file my_file.txt (compact mmCIF, C-alpha atoms)
# COMPACT_ATOMS: atom_id res chain seq x y z
CA MET A 1 0.00 0.00 0.00
CA SER A 2 1.40 3.40 -0.99
CA THR A 3 0.84 6.69 0.73
CA THR A 4 0.48 10.07 -0.97
CA THR A 5 2.54 12.89 0.46
CA ALA A 6 2.21 16.61 -0.14
CA SER A 7 5.31 16.57 -2.33
CA THR A 8 3.81 14.00 -4.74
CA ILE A 9 0.54 15.85 -5.24
CA PRO A 10 0.56 17.76 -8.56
CA GLY A 11 0.84 21.52 -8.28
CA TRP A 12 -2.45 22.16 -10.05
CA ARG A 13 -4.27 19.87 -7.60
CA ARG A 14 -2.78 21.62 -4.58
CA HIS A 15 -3.75 24.96 -6.10
CA ALA A 16 -7.31 23.73 -6.72
CA ARG A 17 -7.59 22.50 -3.14
CA SER A 18 -6.29 25.82 -1.82
CA GLN A 19 -8.72 27.78 -3.98
CA GLY A 20 -11.59 25.53 -2.91
CA SER A 21 -10.74 25.99 0.75
CA SER A 22 -10.59 29.77 0.30
CA VAL A 23 -14.02 29.82 -1.37
CA VAL A 24 -15.53 27.68 1.38
CA ALA A 25 -13.98 29.84 4.11
CA THR A 26 -15.21 33.05 2.46
CA THR A 27 -18.72 31.63 2.00
CA VAL A 28 -18.92 30.52 5.63
CA ALA A 29 -17.68 33.93 6.81
CA VAL A 30 -20.28 35.78 4.71
CA LEU A 31 -23.10 33.52 5.90
CA SER A 32 -22.01 33.97 9.51
CA ILE A 33 -22.01 37.75 9.17
CA LEU A 34 -25.47 37.73 7.58
CA ALA A 35 -26.77 35.42 10.30
CA VAL A 36 -25.45 37.66 13.08
CA TRP A 37 -26.86 40.71 11.29
CA GLN A 38 -30.27 39.10 11.03
CA VAL A 39 -30.22 38.19 14.73
CA ALA A 40 -29.37 41.82 15.52
CA VAL A 41 -32.36 42.90 13.41
CA VAL A 42 -34.68 40.62 15.39
CA VAL A 43 -33.27 41.54 18.79
CA GLY A 44 -32.61 45.24 18.17
CA ASN A 45 -35.25 47.90 17.74
CA ARG A 46 -33.73 50.05 15.02
CA VAL A 47 -31.20 47.85 13.24
CA PRO A 48 -32.03 47.83 9.48
CA SER A 49 -32.15 44.46 7.75
CA PRO A 50 -29.71 43.48 5.00
CA ALA A 51 -32.55 43.80 2.47
CA GLN A 52 -33.33 47.37 3.60
CA SER A 53 -29.67 48.36 3.38
CA VAL A 54 -29.32 46.88 -0.10
CA ASP A 55 -32.50 48.66 -1.22
CA ARG A 56 -31.09 51.95 -0.01
CA LEU A 57 -27.85 51.24 -1.85
CA VAL A 58 -29.78 50.57 -5.05
CA SER A 59 -31.57 53.89 -4.56
CA GLU A 60 -28.24 55.66 -4.10
CA ALA A 61 -27.00 54.15 -7.34
CA ALA A 62 -30.19 55.18 -9.15
CA ILE A 63 -29.75 58.86 -8.25
CA GLY A 64 -26.03 58.81 -9.11
CA GLU A 65 -24.63 59.17 -5.61
CA LEU A 66 -23.06 55.71 -5.32
CA TRP A 67 -20.58 55.68 -8.19
CA HIS A 68 -19.82 59.40 -8.00
CA ASN A 69 -18.80 59.34 -4.34
CA LEU A 70 -17.11 55.97 -4.68
CA ALA A 71 -14.92 57.25 -7.53
CA ILE A 72 -13.96 60.32 -5.50
CA SER A 73 -13.00 58.21 -2.49
CA MET A 74 -10.99 55.75 -4.57
CA ASN A 75 -9.02 58.55 -6.23
CA ARG A 76 -8.14 60.04 -2.84
CA PHE A 77 -7.31 56.65 -1.38
CA LEU A 78 -5.08 55.47 -4.23
CA LEU A 79 -3.13 58.73 -4.32
CA GLY A 80 -2.47 58.66 -0.58
CA LEU A 81 -1.66 54.95 -0.60
CA VAL A 82 0.82 55.21 -3.48
CA LEU A 83 2.60 58.07 -1.70
CA ALA A 84 2.73 56.02 1.51
CA LEU A 85 4.16 53.00 -0.33
CA VAL A 86 6.83 54.99 -2.17
CA VAL A 87 7.96 57.06 0.81
CA GLY A 88 7.55 54.20 3.28
CA THR A 89 9.58 51.78 1.16
CA ALA A 90 12.41 54.29 0.81
CA ILE A 91 12.47 55.00 4.55
CA GLY A 92 12.14 51.31 5.45
CA VAL A 93 15.06 50.26 3.23
CA LEU A 94 17.14 53.12 4.62
CA MET A 95 16.39 52.07 8.20
CA GLY A 96 17.12 48.44 7.40
CA MET A 97 20.51 49.16 5.82
CA SER A 98 21.71 52.00 8.06
CA LYS A 99 22.02 51.73 11.84
CA LEU A 100 22.17 55.50 12.14
CA ALA A 101 18.89 55.94 10.24
CA ASP A 102 17.33 53.15 12.31
CA LEU A 103 18.28 54.87 15.56
CA ALA A 104 17.05 58.23 14.31
CA LEU A 105 13.69 57.07 12.92
CA SER A 106 12.61 53.92 14.78
CA ASP A 107 11.14 55.73 17.80
CA LEU A 108 9.43 58.27 15.57
CA ASN A 109 7.85 55.50 13.51
CA ALA A 110 6.78 53.65 16.67
CA ALA A 111 5.02 56.80 17.84
CA ALA A 112 3.30 57.12 14.47
CA LEU A 113 2.11 53.52 14.75
CA ALA A 114 0.49 54.32 18.08
CA ILE A 115 -1.51 57.25 16.70
CA PRO A 116 -5.02 56.10 15.64
CA ALA A 117 -6.45 57.13 12.29
CA VAL A 118 -9.09 59.31 13.95
CA ILE A 119 -6.35 61.59 15.33
CA TRP A 120 -4.82 62.02 11.88
CA ALA A 121 -8.27 62.77 10.46
CA LEU A 122 -8.96 65.44 13.07
CA LEU A 123 -5.50 67.00 12.69
CA THR A 124 -5.63 67.15 8.89
CA THR A 125 -9.11 68.65 9.02
CA MET A 126 -7.78 71.44 11.27
CA TRP A 127 -4.68 71.88 9.10
CA PHE A 128 -6.19 71.80 5.61
CA GLY A 129 -9.92 72.35 6.13
CA PHE A 130 -12.51 70.79 3.85
CA GLY A 131 -11.06 69.44 0.62
CA TRP A 132 -9.28 66.59 -1.11
CA LEU A 133 -5.94 67.31 0.58
CA THR A 134 -7.36 66.42 4.00
CA SER A 135 -8.32 62.91 2.89
CA VAL A 136 -5.13 62.27 0.89
CA VAL A 137 -2.82 63.34 3.72
CA THR A 138 -4.81 61.28 6.24
CA VAL A 139 -4.49 58.18 4.06
CA PHE A 140 -0.77 58.87 3.66
CA LEU A 141 -0.11 59.35 7.38
CA SER A 142 -2.28 56.41 8.40
CA GLY A 143 -0.57 53.93 6.08
CA LEU A 144 3.03 55.19 6.14
CA PRO A 145 4.25 53.74 9.49
CA PHE A 146 2.95 50.25 8.63
CA VAL A 147 4.90 50.27 5.37
CA VAL A 148 8.04 51.52 7.09
CA VAL A 149 8.05 48.94 9.90
CA ASN A 150 7.46 45.96 7.59
CA ILE A 151 10.00 46.98 4.95
CA ALA A 152 12.63 47.84 7.57
CA LYS A 153 12.17 44.47 9.27
CA ALA A 154 12.48 42.59 5.96
CA THR A 155 15.56 44.58 4.95
CA ARG A 156 17.29 43.79 8.24
CA ALA A 157 16.65 40.09 7.59
CA VAL A 158 18.78 40.18 4.43
CA PRO A 159 22.09 38.41 5.28
CA ALA A 160 24.77 41.01 5.82
CA ASP A 161 27.43 38.65 4.42
CA LEU A 162 25.56 38.50 1.13
CA ILE A 163 25.53 42.28 0.83
CA LEU A 164 29.22 42.54 1.80
CA MET A 165 30.14 39.87 -0.74
CA SER A 166 28.26 41.66 -3.51
CA ARG A 167 29.98 44.92 -2.68
CA ALA A 168 33.34 43.14 -2.60
CA PHE A 169 32.74 41.95 -6.16
CA GLY A 170 32.03 45.51 -7.25
CA VAL A 171 28.23 45.32 -7.48
CA PRO A 172 26.92 48.89 -7.35
CA ARG A 173 24.47 49.95 -4.66
CA ALA A 174 21.63 50.08 -7.19
CA GLY A 175 22.38 46.48 -8.15
CA VAL A 176 22.37 45.39 -4.51
CA LEU A 177 19.00 47.00 -3.98
CA ARG A 178 17.54 45.51 -7.16
CA HIS A 179 18.89 41.96 -7.07
CA ILE A 180 19.30 41.28 -3.33
CA VAL A 181 17.20 43.59 -1.21
CA ALA A 182 14.13 43.85 -3.48
CA PRO A 183 13.53 40.06 -3.79
CA ALA A 184 14.05 39.64 -0.05
CA VAL A 185 11.45 42.24 0.90
CA ALA A 186 8.88 41.27 -1.77
CA GLY A 187 6.83 39.08 0.57
CA SER A 188 6.93 41.62 3.39
CA THR A 189 5.88 44.32 0.94
CA VAL A 190 2.56 42.52 0.43
CA ALA A 191 2.08 42.36 4.21
CA ALA A 192 2.96 46.04 4.44
CA VAL A 193 0.41 46.89 1.75
CA ARG A 194 -2.27 44.85 3.52
CA PHE A 195 -1.76 46.59 6.87
CA ALA A 196 -1.42 49.97 5.18
CA ILE A 197 -4.66 49.49 3.25
CA MET A 198 -6.63 48.59 6.37
CA SER A 199 -5.35 51.55 8.35
CA ALA A 200 -5.45 54.02 5.44
CA TRP A 201 -8.98 52.96 4.44
CA ASN A 202 -10.19 53.67 7.98
CA GLY A 203 -8.38 56.98 7.85
CA LEU A 204 -10.11 57.85 4.58
CA LEU A 205 -13.55 57.20 6.04
CA LEU A 206 -12.82 59.36 9.08
CA ALA A 207 -11.24 62.16 7.05
CA GLU A 208 -14.26 62.31 4.74
CA TRP A 209 -16.56 62.13 7.75
CA PHE A 210 -14.98 65.16 9.43
CA GLY A 211 -13.44 67.14 6.59
CA ALA A 212 -15.10 66.54 3.23
CA THR A 213 -18.26 67.33 1.31
CA SER A 214 -18.07 64.26 -0.93
CA GLY A 215 -16.96 60.65 -0.81
CA VAL A 216 -18.01 57.47 0.97
CA GLY A 217 -17.31 58.85 4.45
CA TRP A 218 -19.21 62.05 3.79
CA ARG A 219 -22.22 60.15 2.43
CA SER A 220 -22.19 57.89 5.50
CA ARG A 221 -22.32 60.95 7.72
CA TYR A 222 -25.09 62.44 5.58
CA TRP A 223 -27.40 59.55 6.40
CA TYR A 224 -26.20 59.42 10.00
CA ASP A 225 -27.09 63.09 10.50
CA ALA A 226 -30.44 62.43 8.82
CA ASN A 227 -31.06 59.64 11.38
CA GLN A 228 -31.63 57.15 8.55
CA LEU A 229 -29.81 54.04 9.68
CA ASP A 230 -30.54 52.08 6.51
CA GLY A 231 -28.59 54.66 4.49
CA PHE A 232 -25.79 54.70 7.04
CA PHE A 233 -25.57 50.89 7.06
CA ALA A 234 -25.64 50.82 3.27
CA TRP A 235 -22.54 52.99 2.95
CA VAL A 236 -20.74 51.18 5.75
CA LEU A 237 -21.48 47.99 3.80
CA VAL A 238 -19.84 49.52 0.72
CA PHE A 239 -16.83 50.46 2.82
CA ILE A 240 -16.42 46.91 4.18
CA LEU A 241 -17.07 45.16 0.87
CA LEU A 242 -14.38 47.16 -0.93
CA LEU A 243 -11.85 46.24 1.73
CA VAL A 244 -12.76 42.53 1.58
CA ILE A 245 -12.77 42.44 -2.24
CA ALA A 246 -9.37 44.13 -2.41
CA ASP A 247 -7.94 41.59 0.01
CA LEU A 248 -9.42 38.53 -1.71
CA LEU A 249 -9.06 39.46 -5.37
CA VAL A 250 -5.95 41.63 -5.39
CA LEU A 251 -3.70 41.17 -2.36
CA GLY A 252 -4.34 37.44 -1.92
CA PRO A 253 -3.27 36.43 -5.45
CA ILE A 254 -0.29 38.79 -5.32
CA GLU A 255 0.87 37.32 -2.01
CA ARG A 256 0.55 33.76 -3.33
CA TYR A 257 2.52 34.71 -6.45
CA VAL A 258 5.30 36.42 -4.52
CA SER A 259 5.63 33.57 -1.98
CA ARG A 260 5.12 30.73 -4.49
CA TRP A 261 8.70 29.56 -3.97
CA ARG A 262 7.80 28.44 -0.42
CA THR A 263 5.48 25.71 -1.72
CA ALA A 264 7.45 24.80 -4.84
call {"tool": "encode", "arguments": {"input": "my_file.txt", "output": "structure tokens"}}
result
Amino acid sequence: MSTTTASTIPGWRRHARSQGSSVVATTVAVLSILAVWQVAVVVGNRVPSPAQSVDRLVSEAAIGELWHNLAISMNRFLLGLVLALVVGTAIGVLMGMSKLADLALSDLNAAALAIPAVIWALLTTMWFGFGWLTSVVTVFLSGLPFVVVNIAKATRAVPADLILMSRAFGVPRAGVLRHIVAPAVAGSTVAAVRFAIMSAWNGLLLAEWFGATSGVGWRSRYWYDANQLDGFFAWVLVFILLLVIADLLVLGPIERYVSRWRTA
């Protein structure tokens, strides 16, 4: 009698099993959330049902508010996130390769990690007033420290002997960064993006809540101020769904691609 080990299972079959498990897990999670929501509707006095929230969302789409505000929020979010990734990666690599930079910036970054997104939203609203800059800067400041800490940690994990050897053979600094440091931090970059997205997305909602006249956060506050919980729940649902979809359809496949060598 022969036994089948993980190493003898074809790659496509392992991939299919992994995909099937992910679909099952996602389905169970969605059903659990809907079940808890429905229980809250029965127990609570003013909790809108999923059907009522979806109906309100359909109404928002019909009058043009859904896609308009969603596009505005996504533009602000992507701009702030790209800035956080570029600046955070540069700072993280610098901290990982230079002890002086690490000593100078590590405590500052730790303090930034401890500041909640709501504080950044309030500060940027006072600094910049109502406008797109408030939301973009909040997204940037909310996501930046998570990028820095993950990239710096991954850069420090690169064997120092490997870097010294490459420099001894005359490899320029740009080549070291491209061929040694970049592949080593690729997996951690995905983790950095995931944490940055979660924090920055929350920061976007809060910034638009306090300091904007458009966007998903502003529309959520519009219905909250109107005391219409179905509208408020509908926009919160949009906020959550976008985060979940980005994680499942974008970040998940990228992470599996980057770390595919671990299961090869």
call {"tool": "closest_residue", "arguments": {"input": "my_file.txt", "among": "A:Leu105, A:Leu94, A:Ala84, A:Ile197", "to": "Leu242 in chain A", "atoms": "only C-alpha atoms"}}
result
A:Ile197
call {"tool": "closest_residue", "arguments": {"input": "my_file.txt", "among": "A:Trp201, A:Phe140, A:Phe239, A:Phe232", "to": "Ala112 in chain A", "atoms": "all atoms listed in the file"}}
result
A:Phe140
call {"tool": "residues_around", "arguments": {"input": "my_file.txt", "residues": "Leu83 in chain A", "least_positions_apart": "2", "cutoff": "12 Å", "atoms": "all atoms listed in the file", "output": "JSON list (two decimals) with C-alpha atoms, in the coordinates of the input"}}
result
[["chain", "number", "residue", "atom", "x", "y", "z"],
["A", 76, "ARG", "CA", -8.14, 60.04, -2.84],
["A", 77, "PHE", "CA", -7.31, 56.65, -1.38],
["A", 78, "LEU", "CA", -5.08, 55.47, -4.23],
["A", 79, "LEU", "CA", -3.13, 58.73, -4.32],
["A", 80, "GLY", "CA", -2.47, 58.66, -0.58],
["A", 81, "LEU", "CA", -1.66, 54.95, -0.60],
["A", 85, "LEU", "CA", 4.16, 53.00, -0.33],
["A", 86, "VAL", "CA", 6.83, 54.99, -2.17],
["A", 87, "VAL", "CA", 7.96, 57.06, 0.81],
["A", 88, "GLY", "CA", 7.55, 54.20, 3.28],
["A", 89, "THR", "CA", 9.58, 51.78, 1.16],
["A", 90, "ALA", "CA", 12.41, 54.29, 0.81],
["A", 136, "VAL", "CA", -5.13, 62.27, 0.89],
["A", 137, "VAL", "CA", -2.82, 63.34, 3.72],
["A", 138, "THR", "CA", -4.81, 61.28, 6.24],
["A", 139, "VAL", "CA", -4.49, 58.18, 4.06],
["A", 140, "PHE", "CA", -0.77, 58.87, 3.66],
["A", 141, "LEU", "CA", -0.11, 59.35, 7.38],
["A", 142, "SER", "CA", -2.28, 56.41, 8.40],
["A", 143, "GLY", "CA", -0.57, 53.93, 6.08],
["A", 144, "LEU", "CA", 3.03, 55.19, 6.14],
["A", 147, "VAL", "CA", 4.90, 50.27, 5.37],
["A", 193, "VAL", "CA", 0.41, 46.89, 1.75],
["A", 196, "ALA", "CA", -1.42, 49.97, 5.18],
["A", 200, "ALA", "CA", -5.45, 54.02, 5.44]]
call {"tool": "atom_distance", "arguments": {"input": "my_file.txt", "atom1": "CA of Val148 in chain A", "atom2": "CA of Thr189 in chain A"}}
result
9.7 Å
call {"tool": "closest_residue", "arguments": {"input": "my_file.txt", "among": "A:Met97, A:Ala121, A:Val54, A:Val36", "to": "Val238 in chain A", "atoms": "all atoms listed in the file"}}
result
A:Val54
call {"tool": "axis_aligned_box", "arguments": {"input": "my_file.txt", "around": "range 82-96 of chain A", "padding_each_side": "5 Å", "output": "lines of an AutoDock Vina configuration file"}}
result
center_x = 9.0
center_y = 53.3
center_z = 2.4
size_x = 26.3
size_y = 19.6
size_z = 21.7
call {"tool": "atom_distance", "arguments": {"input": "my_file.txt", "atom1": "CA of Leu229 in chain A", "atom2": "CA of Met126 in chain A"}}
result
28.1 Å
call {"tool": "closest_residue", "arguments": {"input": "my_file.txt", "among": "A:Asn150, A:Asn202, A:Ser59, A:Ser53", "to": "Ile240 in chain A", "atoms": "all atoms listed in the file"}}
result
A:Asn202
call {"tool": "build_atoms", "arguments": {"input": "my_file.txt", "residues": "range 211-247 of chain A", "atoms": "N, CA and C atoms", "output": "CSV table (one decimal), keeping the file's coordinate frame"}}
result
chain,number,residue,atom,x,y,z
A,211,GLY,N,-14.0,66.0,7.4
A,211,GLY,CA,-13.4,67.1,6.6
A,211,GLY,C,-13.7,67.1,5.1
A,212,ALA,N,-14.8,66.6,4.7
A,212,ALA,CA,-15.1,66.5,3.2
A,212,ALA,C,-16.6,66.8,3.0
A,213,THR,N,-16.9,67.1,1.7
A,213,THR,CA,-18.3,67.3,1.3
A,213,THR,C,-18.6,66.4,0.2
A,214,SER,N,-17.8,65.3,0.1
A,214,SER,CA,-18.1,64.3,-0.9
A,214,SER,C,-17.3,63.0,-0.5
A,215,GLY,N,-17.6,61.9,-1.1
A,215,GLY,CA,-17.0,60.6,-0.8
A,215,GLY,C,-17.8,59.7,0.0
A,216,VAL,N,-17.3,58.5,0.2
A,216,VAL,CA,-18.0,57.5,1.0
A,216,VAL,C,-18.2,57.9,2.4
A,217,GLY,N,-17.2,58.4,3.1
A,217,GLY,CA,-17.3,58.8,4.4
A,217,GLY,C,-18.3,60.0,4.6
A,218,TRP,N,-18.3,60.9,3.7
A,218,TRP,CA,-19.2,62.0,3.8
A,218,TRP,C,-20.7,61.6,3.6
A,219,ARG,N,-20.9,60.7,2.7
A,219,ARG,CA,-22.2,60.2,2.4
A,219,ARG,C,-22.7,59.3,3.6
A,220,SER,N,-21.8,58.6,4.3
A,220,SER,CA,-22.2,57.9,5.5
A,220,SER,C,-22.7,58.9,6.6
A,221,ARG,N,-21.9,60.0,6.7
A,221,ARG,CA,-22.3,61.0,7.7
A,221,ARG,C,-23.6,61.6,7.3
A,222,TYR,N,-23.8,61.8,6.0
A,222,TYR,CA,-25.1,62.4,5.6
A,222,TYR,C,-26.3,61.7,6.1
A,223,TRP,N,-26.3,60.4,5.9
A,223,TRP,CA,-27.4,59.6,6.4
A,223,TRP,C,-27.4,59.4,7.9
A,224,TYR,N,-26.3,59.5,8.5
A,224,TYR,CA,-26.2,59.4,10.0
A,224,TYR,C,-26.8,60.7,10.6
A,225,ASP,N,-26.5,61.8,10.0
A,225,ASP,CA,-27.1,63.1,10.5
A,225,ASP,C,-28.6,63.1,10.2
A,226,ALA,N,-29.0,62.5,9.1
A,226,ALA,CA,-30.4,62.4,8.8
A,226,ALA,C,-31.2,61.4,9.7
A,227,ASN,N,-30.5,60.7,10.5
A,227,ASN,CA,-31.1,59.6,11.4
A,227,ASN,C,-31.7,58.5,10.6
A,228,GLN,N,-31.1,58.2,9.4
A,228,GLN,CA,-31.6,57.2,8.6
A,228,GLN,C,-30.6,56.0,8.6
A,229,LEU,N,-30.8,55.1,9.5
A,229,LEU,CA,-29.8,54.0,9.7
A,229,LEU,C,-29.7,53.1,8.5
A,230,ASP,N,-30.7,52.9,7.7
A,230,ASP,CA,-30.5,52.1,6.5
A,230,ASP,C,-29.5,52.7,5.5
A,231,GLY,N,-29.6,54.0,5.3
A,231,GLY,CA,-28.6,54.7,4.5
A,231,GLY,C,-27.2,54.6,5.1
A,232,PHE,N,-27.1,54.8,6.4
A,232,PHE,CA,-25.8,54.7,7.0
A,232,PHE,C,-25.2,53.3,6.9
A,233,PHE,N,-26.0,52.3,7.2
A,233,PHE,CA,-25.6,50.9,7.1
A,233,PHE,C,-25.2,50.5,5.6
A,234,ALA,N,-25.9,51.1,4.7
A,234,ALA,CA,-25.6,50.8,3.3
A,234,ALA,C,-24.2,51.3,2.9
A,235,TRP,N,-23.9,52.5,3.3
A,235,TRP,CA,-22.5,53.0,3.0
A,235,TRP,C,-21.4,52.3,3.7
A,236,VAL,N,-21.7,52.0,5.0
A,236,VAL,CA,-20.7,51.2,5.8
A,236,VAL,C,-20.5,49.8,5.1
A,237,LEU,N,-21.6,49.3,4.5
A,237,LEU,CA,-21.5,48.0,3.8
A,237,LEU,C,-20.6,48.1,2.6
A,238,VAL,N,-20.7,49.2,1.9
A,238,VAL,CA,-19.8,49.5,0.7
A,238,VAL,C,-18.4,49.6,1.2
A,239,PHE,N,-18.2,50.3,2.3
A,239,PHE,CA,-16.8,50.5,2.8
A,239,PHE,C,-16.2,49.1,3.2
A,240,ILE,N,-16.9,48.2,3.8
A,240,ILE,CA,-16.4,46.9,4.2
A,240,ILE,C,-16.2,46.0,3.0
A,241,LEU,N,-17.2,46.0,2.0
A,241,LEU,CA,-17.1,45.2,0.9
A,241,LEU,C,-15.8,45.5,0.0
A,242,LEU,N,-15.6,46.8,-0.1
A,242,LEU,CA,-14.4,47.2,-0.9
A,242,LEU,C,-13.1,46.6,-0.3
A,243,LEU,N,-13.0,46.7,1.0
A,243,LEU,CA,-11.8,46.2,1.7
A,243,LEU,C,-11.7,44.7,1.6
A,244,VAL,N,-12.8,44.0,1.7
A,244,VAL,CA,-12.8,42.5,1.6
A,244,VAL,C,-12.4,42.1,0.1
A,245,ILE,N,-13.0,42.8,-0.8
A,245,ILE,CA,-12.8,42.4,-2.2
A,245,ILE,C,-11.3,42.7,-2.6
A,246,ALA,N,-10.8,43.8,-2.1
A,246,ALA,CA,-9.4,44.1,-2.4
A,246,ALA,C,-8.4,43.1,-1.8
A,247,ASP,N,-8.8,42.6,-0.6
A,247,ASP,CA,-7.9,41.6,0.0
A,247,ASP,C,-8.0,40.2,-0.7
